[in-house]
file model_33.csv (CSV, C-alpha atoms and all ligand atoms)
chain,number,residue,atom,x,y,z
A,1148,MET,CA,-57.8,106.2,-114.6
A,1149,HIS,CA,-58.8,105.3,-118.2
A,1150,HIS,CA,-60.7,108.0,-120.2
A,1151,PRO,CA,-62.0,106.6,-123.4
A,1152,PRO,CA,-62.9,109.1,-126.2
A,1153,VAL,CA,-66.4,110.6,-126.0
A,1154,THR,CA,-68.8,111.4,-128.8
A,1155,ILE,CA,-70.9,114.6,-128.6
A,1156,HIS,CA,-73.2,115.4,-131.5
A,1157,ASP,CA,-71.1,114.8,-134.6
A,1158,LYS,CA,-67.6,115.1,-133.0
A,1159,GLN,CA,-65.2,112.9,-131.1
A,1160,PHE,CA,-63.3,114.2,-128.1
A,1161,SER,CA,-60.2,112.8,-126.3
A,1162,ILE,CA,-59.1,113.4,-122.7
A,1163,TYR,CA,-57.1,116.6,-122.2
A,1164,LEU,CA,-57.3,117.7,-118.6
A,1165,PRO,CA,-58.3,115.1,-116.0
A,1166,GLU,CA,-60.4,116.2,-113.0
A,1167,ARG,CA,-57.5,116.0,-110.5
A,1168,LYS,CA,-55.4,118.4,-112.6
A,1169,ILE,CA,-58.4,120.8,-112.9
A,1170,LEU,CA,-59.1,120.7,-109.2
A,1171,HIS,CA,-55.5,121.2,-108.3
A,1172,SER,CA,-55.3,124.3,-110.5
A,1173,VAL,CA,-58.6,125.7,-109.0
A,1174,GLU,CA,-57.1,125.2,-105.5
A,1175,ILE,CA,-54.1,127.3,-106.5
A,1176,VAL,CA,-56.2,130.1,-107.9
A,1177,ALA,CA,-58.4,130.1,-104.8
A,1178,ALA,CA,-55.4,130.3,-102.5
A,1179,ARG,CA,-54.1,133.3,-104.5
A,1180,LEU,CA,-57.5,135.0,-104.3
A,1181,SER,CA,-57.8,134.3,-100.6
A,1182,HIS,CA,-54.5,135.9,-100.0
A,1183,ASP,CA,-54.9,138.9,-102.3
A,1184,TYR,CA,-58.5,139.8,-101.1
A,1185,ARG,CA,-58.0,139.3,-97.4
A,1186,GLY,CA,-60.2,142.0,-95.6
A,1187,LYS,CA,-61.9,143.0,-98.9
A,1188,THR,CA,-64.9,140.6,-99.1
A,1189,PRO,CA,-64.8,140.1,-102.9
A,1190,LEU,CA,-67.9,139.8,-105.1
A,1191,PHE,CA,-67.5,137.0,-107.6
A,1192,LEU,CA,-69.5,137.4,-110.8
A,1193,SER,CA,-69.8,134.1,-112.4
A,1194,VAL,CA,-70.6,134.4,-116.2
A,1195,LEU,CA,-73.2,131.7,-117.0
A,1196,ASN,CA,-73.5,129.1,-118.3
A,1197,GLY,CA,-70.1,127.7,-118.7
A,1198,SER,CA,-68.5,128.9,-115.4
A,1199,PHE,CA,-70.9,127.3,-113.0
A,1200,MET,CA,-68.7,124.3,-112.1
A,1201,PHE,CA,-65.5,126.4,-111.8
A,1202,ALA,CA,-67.4,128.9,-109.6
A,1203,SER,CA,-68.7,126.1,-107.4
A,1204,ASP,CA,-65.3,124.4,-106.9
A,1205,LEU,CA,-63.5,127.8,-106.5
A,1206,MET,CA,-65.9,129.0,-103.8
A,1207,LYS,CA,-65.5,125.8,-101.8
A,1208,GLU,CA,-61.7,126.5,-101.7
A,1209,MET,CA,-62.0,130.2,-100.6
A,1210,SER,CA,-60.8,130.7,-97.0
A,1211,ILE,CA,-62.0,134.4,-96.7
A,1212,PRO,CA,-65.5,135.9,-96.6
A,1213,CYS,CA,-66.7,136.3,-100.2
A,1214,GLU,CA,-70.0,136.7,-102.2
A,1215,ILE,CA,-71.2,135.4,-105.5
A,1216,SER,CA,-73.7,136.5,-108.1
A,1217,PHE,CA,-74.4,135.0,-111.5
A,1218,VAL,CA,-74.8,136.9,-114.8
A,1219,ARG,CA,-75.4,136.0,-118.4
A,1220,LEU,CA,-74.1,137.2,-121.6
A,1221,SER,CA,-73.5,134.9,-124.5
A,1222,SER,CA,-71.5,135.3,-127.7
A,1223,TYR,CA,-70.9,131.7,-128.9
A,1224,THR,CA,-73.5,129.6,-130.7
A,1225,ASP,CA,-71.2,127.1,-132.4
A,1226,MET,CA,-67.5,126.4,-132.5
A,1227,HIS,CA,-66.7,129.9,-133.8
A,1228,SER,CA,-67.0,133.3,-132.2
A,1229,THR,CA,-69.7,135.5,-133.6
A,1230,GLY,CA,-67.7,138.4,-132.4
A,1231,LYS,CA,-70.9,139.9,-130.9
A,1232,VAL,CA,-70.9,140.8,-127.2
A,1233,LYS,CA,-74.2,141.2,-125.4
A,1234,GLU,CA,-75.3,143.1,-122.4
A,1235,ILE,CA,-75.0,141.8,-118.9
A,1236,ILE,CA,-78.3,140.2,-117.7
A,1237,GLY,CA,-79.2,139.5,-114.1
A,1238,LEU,CA,-76.9,141.8,-112.2
A,1239,LYS,CA,-79.3,142.8,-109.5
A,1240,GLU,CA,-77.0,144.0,-106.7
A,1241,SER,CA,-74.9,147.2,-106.8
A,1242,ILE,CA,-71.2,146.6,-107.5
A,1243,LYS,CA,-70.4,150.2,-106.6
A,1244,GLY,CA,-67.3,150.3,-104.3
A,1245,ARG,CA,-67.0,146.4,-104.4
A,1246,HIS,CA,-64.0,144.4,-105.3
A,1247,VAL,CA,-65.3,142.4,-108.3
A,1248,VAL,CA,-63.8,139.2,-109.6
A,1249,VAL,CA,-65.3,138.0,-112.9
A,1250,LEU,CA,-65.3,134.2,-113.1
A,1251,GLU,CA,-65.1,132.6,-116.6
A,1252,ASP,CA,-64.7,129.1,-117.7
A,1253,ILE,CA,-62.6,130.1,-120.7
A,1254,VAL,CA,-61.1,133.2,-122.3
A,1255,ASP,CA,-60.7,132.5,-126.0
A,1256,THR,CA,-60.7,135.5,-128.3
A,1257,GLY,CA,-61.4,137.7,-125.3
A,1258,HIS,CA,-64.4,139.3,-126.9
A,1259,THR,CA,-66.7,138.3,-124.0
A,1260,VAL,CA,-64.5,139.7,-121.2
A,1261,ALA,CA,-63.5,142.7,-123.3
A,1262,GLY,CA,-67.2,143.5,-123.7
A,1263,LEU,CA,-68.0,142.9,-120.1
A,1264,LEU,CA,-65.3,144.9,-118.3
A,1265,PRO,CA,-66.4,148.4,-119.6
A,1266,GLN,CA,-70.0,147.6,-118.5
A,1267,LEU,CA,-68.8,146.8,-115.0
A,1268,HIS,CA,-66.5,149.8,-114.8
A,1269,GLN,CA,-69.4,152.1,-115.5
A,1270,GLN,CA,-70.9,151.0,-112.2
A,1271,GLU,CA,-67.8,152.2,-110.3
A,1272,PRO,CA,-66.6,149.1,-108.5
A,1273,ALA,CA,-63.5,149.5,-106.3
A,1274,SER,CA,-61.7,147.0,-108.5
A,1275,VAL,CA,-62.3,144.4,-111.2
A,1276,GLU,CA,-60.1,141.4,-112.0
A,1277,VAL,CA,-60.7,138.2,-114.0
A,1278,ALA,CA,-60.3,134.7,-112.9
A,1279,THR,CA,-60.7,132.0,-115.6
A,1280,LEU,CA,-60.3,128.3,-115.6
A,1281,LEU,CA,-58.8,128.3,-119.1
A,1282,VAL,CA,-57.2,130.8,-121.3
A,1283,LYS,CA,-56.0,130.4,-124.9
A,1284,PRO,CA,-53.2,132.9,-125.2
A,1285,GLU,CA,-52.8,132.2,-129.0
A,1286,CYS,CA,-56.4,133.2,-129.6
A,1287,LEU,CA,-56.6,136.5,-127.6
A,1288,GLN,CA,-57.6,139.4,-129.8
A,1289,HIS,CA,-57.7,142.0,-127.0
A,1290,ASP,CA,-55.2,143.5,-124.7
A,1291,LEU,CA,-56.6,142.0,-121.5
A,1292,GLN,CA,-55.0,141.5,-118.2
A,1293,ILE,CA,-56.2,138.1,-116.9
A,1294,LYS,CA,-54.8,138.2,-113.4
A,1295,TYR,CA,-56.0,134.8,-112.3
A,1296,PRO,CA,-55.8,132.1,-115.0
A,1297,ALA,CA,-56.0,128.6,-113.7
A,1298,MET,CA,-54.6,127.0,-116.8
A,1299,SER,CA,-53.3,128.1,-120.3
A,1300,ILE,CA,-54.2,125.8,-123.2
A,1301,ALA,CA,-53.4,125.7,-127.0
A,1302,ASN,CA,-55.9,126.6,-129.7
A,1303,ASP,CA,-58.1,123.5,-129.3
A,1304,PHE,CA,-61.9,123.4,-128.9
A,1305,VAL,CA,-62.5,121.8,-125.5
A,1306,VAL,CA,-65.6,120.5,-123.6
A,1307,GLY,CA,-66.4,119.3,-120.1
A,1308,TYR,CA,-66.4,120.7,-116.6
A,1309,GLY,CA,-69.0,123.3,-117.6
A,1310,LEU,CA,-67.9,123.8,-121.2
A,1311,ASP,CA,-70.3,122.6,-123.9
A,1312,TYR,CA,-70.4,121.8,-127.5
A,1313,ASN,CA,-73.8,123.0,-128.7
A,1314,GLY,CA,-75.4,122.4,-125.3
A,1315,LEU,CA,-73.9,119.1,-124.4
A,1316,GLY,CA,-70.8,117.9,-122.5
A,1317,ARG,CA,-71.0,120.3,-119.6
A,1318,ASN,CA,-71.5,117.4,-117.2
A,1319,LEU,CA,-68.2,115.8,-117.9
A,1320,ARG,CA,-65.9,115.8,-114.9
A,1321,ASP,CA,-62.8,116.0,-117.1
A,1322,ILE,CA,-62.0,118.3,-120.0
A,1323,TYR,CA,-61.7,116.8,-123.5
A,1324,LYS,CA,-60.5,118.3,-126.7
A,1325,VAL,CA,-61.9,117.8,-130.2
A,1326,MET,CA,-60.1,115.1,-132.2
A,1401,LIG,O1,-63.2,134.8,-125.2
A,1401,LIG,P1,-64.4,134.5,-126.1
A,1401,LIG,O2,-64.0,134.1,-127.5
A,1401,LIG,O3,-65.4,135.5,-126.0
A,1401,LIG,O4,-65.0,133.1,-125.6
A,1401,LIG,C1,-65.2,132.8,-124.2
A,1401,LIG,C2,-66.7,132.7,-123.9
A,1401,LIG,O5,-67.3,131.7,-124.7
A,1401,LIG,C3,-68.1,130.9,-123.8
A,1401,LIG,O6,-69.3,131.3,-123.6
A,1401,LIG,P2,-70.6,131.0,-124.5
A,1401,LIG,O7,-71.0,132.2,-125.2
A,1401,LIG,O8,-70.4,129.7,-125.3
A,1401,LIG,O9,-71.8,130.7,-123.5
A,1401,LIG,P3,-72.0,129.6,-122.4
A,1401,LIG,O10,-71.0,129.9,-121.2
A,1401,LIG,O11,-73.4,129.7,-122.0
A,1401,LIG,O12,-71.6,128.2,-123.0
A,1401,LIG,C4,-67.3,130.9,-122.5
A,1401,LIG,O13,-68.1,130.6,-121.4
A,1401,LIG,C5,-66.9,132.4,-122.5
A,1401,LIG,O14,-67.8,133.2,-121.9
A,1402,LIG,N1,-66.9,124.7,-125.1
A,1402,LIG,C1,-66.1,125.7,-125.5
A,1402,LIG,N2,-66.6,126.9,-125.5
A,1402,LIG,C2,-65.7,127.9,-125.9
A,1402,LIG,N3,-65.9,129.2,-126.0
A,1402,LIG,C3,-64.7,129.7,-126.5
A,1402,LIG,N4,-63.8,128.8,-126.7
A,1402,LIG,C4,-64.4,127.6,-126.3
A,1402,LIG,C5,-63.9,126.2,-126.3
A,1402,LIG,O1,-62.8,125.9,-126.6
A,1402,LIG,N5,-64.9,125.3,-125.9
call {"tool": "encode", "arguments": {"input": "model_33.csv", "output": "structure tokens", "more": "lines below"}}
Ligand SMILES: O=P(O)(O)OC[C@H]1O[C@H](OP(=O)(O)OP(=O)(O)O)[C@H](O)[C@@H]1O
Ligand SMILES: Nc1nc2[nH]cnc2c(=O)[nH]1
result
Amino acid sequence: MHHPPVTIHDKQFSIYLPERKILHSVEIVAARLSHDYRGKTPLFLSVLNGSFMFASDLMKEMSIPCEISFVRLSSYTDMHSTGKVKEIIGLKESIKGRHVVVLEDIVDTGHTVAGLLPQLHQQEPASVEVATLLVKPECLQHDLQIKYPAMSIANDFVVGYGLDYNGLGRNLRDIYKVM
């Protein structure tokens, strides 16, 4: 399939990860989670906004009973991290004693996940792991164990499949990188 470059705001982006490759990697993560959490009914915590598409496709591939809830906490306003991590908003149910799997679209500097995990641990879950569609190992600034990364990528700014550039591009089926 041909994927011409796309323009979003002031930038051009070229195809990076086509939809079939994304969906294949999501299937593999779902199979691992379905195996590892058999009998545990995991609670997925999808970190909005970016992870909604990953969360949706992952859930459809899970073959064991599982629950999902959506939380917010945002640290990015532009193409660079502000380094500020905010509180979890929207976590209504108790996670005490639950097997929690945080769902992220991307772990870049790791500030977001590093800020989120202690807040979750305070609530005494049985376990917490992280599943992310993308991880940028070169950019990680925290000692994080990301147990379920679907794909590792280089230090490129990417959009599509839930990921935005200043609000736009989330609807793209494929992932593009800035040119
Ligand atoms: O590892 P980090 O450097 O912290 O970057 C990763 C975070 O940045 C993005 O969120 P963003 O704050 O842009 O919010 P959004 O999901 O609503 O786009 C992404 O969804 C991750 O949560
Ligand atoms: N859209 C987008 N958001 C991010 N947040 C952290 N890294 C990225 C990235 O490469 N793309």
call {"tool": "residues_around", "arguments": {"input": "model_33.csv", "residues": "Ile1293 of chain A", "least_positions_apart": "6", "cutoff": "10 Å", "atoms": "all atoms listed in the file", "output": "compact mmCIF listing (two decimals) with C-alpha atoms, in the frame of the given file"}}
result
# COMPACT_ATOMS: atom_id res chain seq x y z
CA VAL A 1249 -65.30 138.00 -112.90
CA VAL A 1254 -61.10 133.20 -122.30
CA GLY A 1257 -61.40 137.70 -125.30
CA VAL A 1260 -64.50 139.70 -121.20
CA GLU A 1276 -60.10 141.40 -112.00
CA VAL A 1277 -60.70 138.20 -114.00
CA ALA A 1278 -60.30 134.70 -112.90
CA THR A 1279 -60.70 132.00 -115.60
CA VAL A 1282 -57.20 130.80 -121.30
call {"tool": "residues_near_ligand", "arguments": {"input": "model_33.csv", "ligand": "ligand LIG 1402 (chain A)", "cutoff": "10 Å", "atoms": "all atoms listed in the file", "output": "ChimeraX atom specification"}}
result
/A:1197,1221-1228,1252-1259,1281-1283,1286,1300-1317,1322-1325
call {"tool": "atom_distance", "arguments": {"input": "model_33.csv", "atom1": "atom CA of Pro1284 of chain A", "atom2": "atom O2 of ligand LIG 1401 (chain A)"}}
result
11.1 Å
call {"tool": "atom_distance", "arguments": {"input": "model_33.csv", "atom1": "atom CA of Pro1272 of chain A", "atom2": "atom CA of Leu1170 of chain A"}}
result
29.4 Å
call {"tool": "residues_around", "arguments": {"input": "model_33.csv", "residues": "Leu1220 of chain A", "least_positions_apart": "5", "cutoff": "10 Å", "atoms": "all atoms listed in the file", "output": "VMD selection string"}}
result
chain A and resid 1194 to 1196 1232 to 1237 1259 to 1260 1262 to 1263
call {"tool": "atom_distance", "arguments": {"input": "model_33.csv", "atom1": "atom CA of Arg1320 of chain A", "atom2": "atom CA of Glu1166 of chain A"}}
result
5.8 Å
call {"tool": "closest_residue", "arguments": {"input": "model_33.csv", "among": "A:Gln1270, A:Leu1280, A:Pro1165, A:Val1248", "to": "Ser1198 of chain A", "atoms": "only C-alpha atoms"}}
result
A:Leu1280
call {"tool": "residues_around", "arguments": {"input": "model_33.csv", "residues": "Thr1188 of chain A", "least_positions_apart": "5", "cutoff": "8 Å", "atoms": "all atoms listed in the file", "output": "list in words"}}
result
Ile1211, Pro1212, Cys1213, Glu1214 and His1246 of chain A
call {"tool": "closest_residue", "arguments": {"input": "model_33.csv", "among": "A:Lys1294, A:Arg1219, A:His1182, A:Lys1187", "to": "ligand LIG 1401 (chain A)", "atoms": "only C-alpha atoms and all ligand atoms"}}
result
A:Arg1219
call {"tool": "closest_residue", "arguments": {"input": "model_33.csv", "among": "A:Asn1318, A:Val1173, A:Leu1192, A:Gly1244", "to": "Met1209 of chain A", "atoms": "all atoms listed in the file"}}
result
A:Val1173
call {"tool": "axis_aligned_box", "arguments": {"input": "model_33.csv", "around": "segment 1205-1220 of chain A", "padding_each_side": "5 Å", "output": "AutoDock Vina command-line options"}}
result
--center_x -68.1 --center_y 131.5 --center_z -109.1 --size_x 24.6 --size_y 21.4 --size_z 35.0
call {"tool": "closest_residue", "arguments": {"input": "model_33.csv", "among": "A:Leu1291, A:Met1200, A:Met1326, A:Leu1190", "to": "Lys1158 of chain A", "atoms": "all atoms listed in the file"}}
result
A:Met1326
call {"tool": "closest_residue", "arguments": {"input": "model_33.csv", "among": "A:His1289, A:Arg1185, A:Lys1207, A:Arg1167", "to": "ligand LIG 1401 (chain A)", "atoms": "all atoms listed in the file"}}
result
A:His1289
call {"tool": "build_atoms", "arguments": {"input": "model_33.csv", "residues": "segment 1171-1207 of chain A", "atoms": "N, CA and C atoms", "output": "PDB file, in the frame of the given file"}}
result
ATOM      1  N   HIS A1171     -56.733 120.731-108.864  1.00  0.00           N
ATOM      2  CA  HIS A1171     -55.500 121.200-108.300  1.00  0.00           C
ATOM      3  C   HIS A1171     -55.259 122.700-108.741  1.00  0.00           C
ATOM      4  N   SER A1172     -55.508 122.981-110.015  1.00  0.00           N
ATOM      5  CA  SER A1172     -55.300 124.300-110.500  1.00  0.00           C
ATOM      6  C   SER A1172     -56.329 125.309-109.902  1.00  0.00           C
ATOM      7  N   VAL A1173     -57.538 124.816-109.641  1.00  0.00           N
ATOM      8  CA  VAL A1173     -58.600 125.700-109.000  1.00  0.00           C
ATOM      9  C   VAL A1173     -58.150 125.987-107.563  1.00  0.00           C
ATOM     10  N   GLU A1174     -57.592 125.010-106.871  1.00  0.00           N
ATOM     11  CA  GLU A1174     -57.100 125.200-105.500  1.00  0.00           C
ATOM     12  C   GLU A1174     -56.049 126.334-105.462  1.00  0.00           C
ATOM     13  N   ILE A1175     -55.148 126.316-106.440  1.00  0.00           N
ATOM     14  CA  ILE A1175     -54.100 127.300-106.500  1.00  0.00           C
ATOM     15  C   ILE A1175     -54.633 128.709-106.692  1.00  0.00           C
ATOM     16  N   VAL A1176     -55.586 128.833-107.609  1.00  0.00           N
ATOM     17  CA  VAL A1176     -56.200 130.100-107.900  1.00  0.00           C
ATOM     18  C   VAL A1176     -56.958 130.616-106.613  1.00  0.00           C
ATOM     19  N   ALA A1177     -57.670 129.709-105.965  1.00  0.00           N
ATOM     20  CA  ALA A1177     -58.400 130.100-104.800  1.00  0.00           C
ATOM     21  C   ALA A1177     -57.483 130.547-103.647  1.00  0.00           C
ATOM     22  N   ALA A1178     -56.336 129.895-103.534  1.00  0.00           N
ATOM     23  CA  ALA A1178     -55.400 130.300-102.500  1.00  0.00           C
ATOM     24  C   ALA A1178     -54.812 131.700-102.807  1.00  0.00           C
ATOM     25  N   ARG A1179     -54.545 131.973-104.086  1.00  0.00           N
ATOM     26  CA  ARG A1179     -54.100 133.300-104.500  1.00  0.00           C
ATOM     27  C   ARG A1179     -55.120 134.366-104.173  1.00  0.00           C
ATOM     28  N   LEU A1180     -56.375 134.072-104.548  1.00  0.00           N
ATOM     29  CA  LEU A1180     -57.500 135.000-104.300  1.00  0.00           C
ATOM     30  C   LEU A1180     -57.686 135.235-102.818  1.00  0.00           C
ATOM     31  N   SER A1181     -57.623 134.170-102.052  1.00  0.00           N
ATOM     32  CA  SER A1181     -57.800 134.300-100.600  1.00  0.00           C
ATOM     33  C   SER A1181     -56.756 135.148 -99.970  1.00  0.00           C
ATOM     34  N   HIS A1182     -55.554 135.057-100.509  1.00  0.00           N
ATOM     35  CA  HIS A1182     -54.500 135.900-100.000  1.00  0.00           C
ATOM     36  C   HIS A1182     -54.630 137.348-100.443  1.00  0.00           C
ATOM     37  N   ASP A1183     -54.892 137.545-101.743  1.00  0.00           N
ATOM     38  CA  ASP A1183     -54.900 138.900-102.300  1.00  0.00           C
ATOM     39  C   ASP A1183     -56.129 139.722-101.815  1.00  0.00           C
ATOM     40  N   TYR A1184     -57.236 139.050-101.492  1.00  0.00           N
ATOM     41  CA  TYR A1184     -58.500 139.800-101.100  1.00  0.00           C
ATOM     42  C   TYR A1184     -58.799 139.699 -99.641  1.00  0.00           C
ATOM     43  N   ARG A1185     -57.810 139.361 -98.835  1.00  0.00           N
ATOM     44  CA  ARG A1185     -58.000 139.300 -97.400  1.00  0.00           C
ATOM     45  C   ARG A1185     -58.518 140.697 -96.909  1.00  0.00           C
ATOM     46  N   GLY A1186     -59.613 140.715 -96.150  1.00  0.00           N
ATOM     47  CA  GLY A1186     -60.200 142.000 -95.600  1.00  0.00           C
ATOM     48  C   GLY A1186     -61.007 142.745 -96.617  1.00  0.00           C
ATOM     49  N   LYS A1187     -61.229 142.204 -97.828  1.00  0.00           N
ATOM     50  CA  LYS A1187     -61.900 143.000 -98.900  1.00  0.00           C
ATOM     51  C   LYS A1187     -63.302 142.381 -99.253  1.00  0.00           C
ATOM     52  N   THR A1188     -63.666 141.227 -98.784  1.00  0.00           N
ATOM     53  CA  THR A1188     -64.900 140.600 -99.100  1.00  0.00           C
ATOM     54  C   THR A1188     -65.245 140.696-100.628  1.00  0.00           C
ATOM     55  N   PRO A1189     -64.517 139.992-101.490  1.00  0.00           N
ATOM     56  CA  PRO A1189     -64.800 140.100-102.900  1.00  0.00           C
ATOM     57  C   PRO A1189     -66.137 139.634-103.336  1.00  0.00           C
ATOM     58  N   LEU A1190     -66.617 140.219-104.442  1.00  0.00           N
ATOM     59  CA  LEU A1190     -67.900 139.800-105.100  1.00  0.00           C
ATOM     60  C   LEU A1190     -67.506 139.046-106.352  1.00  0.00           C
ATOM     61  N   PHE A1191     -67.708 137.738-106.379  1.00  0.00           N
ATOM     62  CA  PHE A1191     -67.500 137.000-107.600  1.00  0.00           C
ATOM     63  C   PHE A1191     -68.671 137.142-108.520  1.00  0.00           C
ATOM     64  N   LEU A1192     -68.402 137.397-109.792  1.00  0.00           N
ATOM     65  CA  LEU A1192     -69.500 137.400-110.800  1.00  0.00           C
ATOM     66  C   LEU A1192     -69.216 136.300-111.761  1.00  0.00           C
ATOM     67  N   SER A1193     -70.004 135.255-111.628  1.00  0.00           N
ATOM     68  CA  SER A1193     -69.800 134.100-112.400  1.00  0.00           C
ATOM     69  C   SER A1193     -70.640 134.233-113.736  1.00  0.00           C
ATOM     70  N   VAL A1194     -69.944 134.143-114.875  1.00  0.00           N
ATOM     71  CA  VAL A1194     -70.600 134.400-116.200  1.00  0.00           C
ATOM     72  C   VAL A1194     -71.165 133.035-116.670  1.00  0.00           C
ATOM     73  N   LEU A1195     -72.477 132.949-116.648  1.00  0.00           N
ATOM     74  CA  LEU A1195     -73.200 131.700-117.000  1.00  0.00           C
ATOM     75  C   LEU A1195     -73.195 131.572-118.557  1.00  0.00           C
ATOM     76  N   ASN A1196     -73.332 130.345-119.089  1.00  0.00           N
ATOM     77  CA  ASN A1196     -73.500 129.100-118.300  1.00  0.00           C
ATOM     78  C   ASN A1196     -72.227 128.451-117.918  1.00  0.00           C
ATOM     79  N   GLY A1197     -71.211 128.599-118.760  1.00  0.00           N
ATOM     80  CA  GLY A1197     -70.100 127.700-118.700  1.00  0.00           C
ATOM     81  C   GLY A1197     -69.301 127.715-117.356  1.00  0.00           C
ATOM     82  N   SER A1198     -69.385 128.811-116.573  1.00  0.00           N
ATOM     83  CA  SER A1198     -68.500 128.900-115.400  1.00  0.00           C
ATOM     84  C   SER A1198     -69.080 128.323-114.126  1.00  0.00           C
ATOM     85  N   PHE A1199     -70.276 127.709-114.213  1.00  0.00           N
ATOM     86  CA  PHE A1199     -70.900 127.300-113.000  1.00  0.00           C
ATOM     87  C   PHE A1199     -70.097 126.273-112.172  1.00  0.00           C
ATOM     88  N   MET A1200     -69.414 125.375-112.858  1.00  0.00           N
ATOM     89  CA  MET A1200     -68.700 124.300-112.100  1.00  0.00           C
ATOM     90  C   MET A1200     -67.394 124.873-111.548  1.00  0.00           C
ATOM     91  N   PHE A1201     -66.712 125.700-112.312  1.00  0.00           N
ATOM     92  CA  PHE A1201     -65.500 126.400-111.800  1.00  0.00           C
ATOM     93  C   PHE A1201     -65.872 127.254-110.611  1.00  0.00           C
ATOM     94  N   ALA A1202     -66.972 128.014-110.726  1.00  0.00           N
ATOM     95  CA  ALA A1202     -67.400 128.900-109.600  1.00  0.00           C
ATOM     96  C   ALA A1202     -67.666 128.097-108.371  1.00  0.00           C
ATOM     97  N   SER A1203     -68.329 126.967-108.532  1.00  0.00           N
ATOM     98  CA  SER A1203     -68.700 126.100-107.400  1.00  0.00           C
ATOM     99  C   SER A1203     -67.430 125.588-106.701  1.00  0.00           C
ATOM    100  N   ASP A1204     -66.522 125.026-107.467  1.00  0.00           N
ATOM    101  CA  ASP A1204     -65.300 124.400-106.900  1.00  0.00           C
ATOM    102  C   ASP A1204     -64.400 125.530-106.297  1.00  0.00           C
ATOM    103  N   LEU A1205     -64.330 126.685-106.975  1.00  0.00           N
ATOM    104  CA  LEU A1205     -63.500 127.800-106.500  1.00  0.00           C
ATOM    105  C   LEU A1205     -64.027 128.298-105.135  1.00  0.00           C
ATOM    106  N   MET A1206     -65.342 128.516-105.050  1.00  0.00           N
ATOM    107  CA  MET A1206     -65.900 129.000-103.800  1.00  0.00           C
ATOM    108  C   MET A1206     -65.642 128.110-102.633  1.00  0.00           C
ATOM    109  N   LYS A1207     -65.691 126.805-102.881  1.00  0.00           N
ATOM    110  CA  LYS A1207     -65.500 125.800-101.800  1.00  0.00           C
ATOM    111  C   LYS A1207     -64.040 125.912-101.258  1.00  0.00           C
TER     112      LYS A1207
END
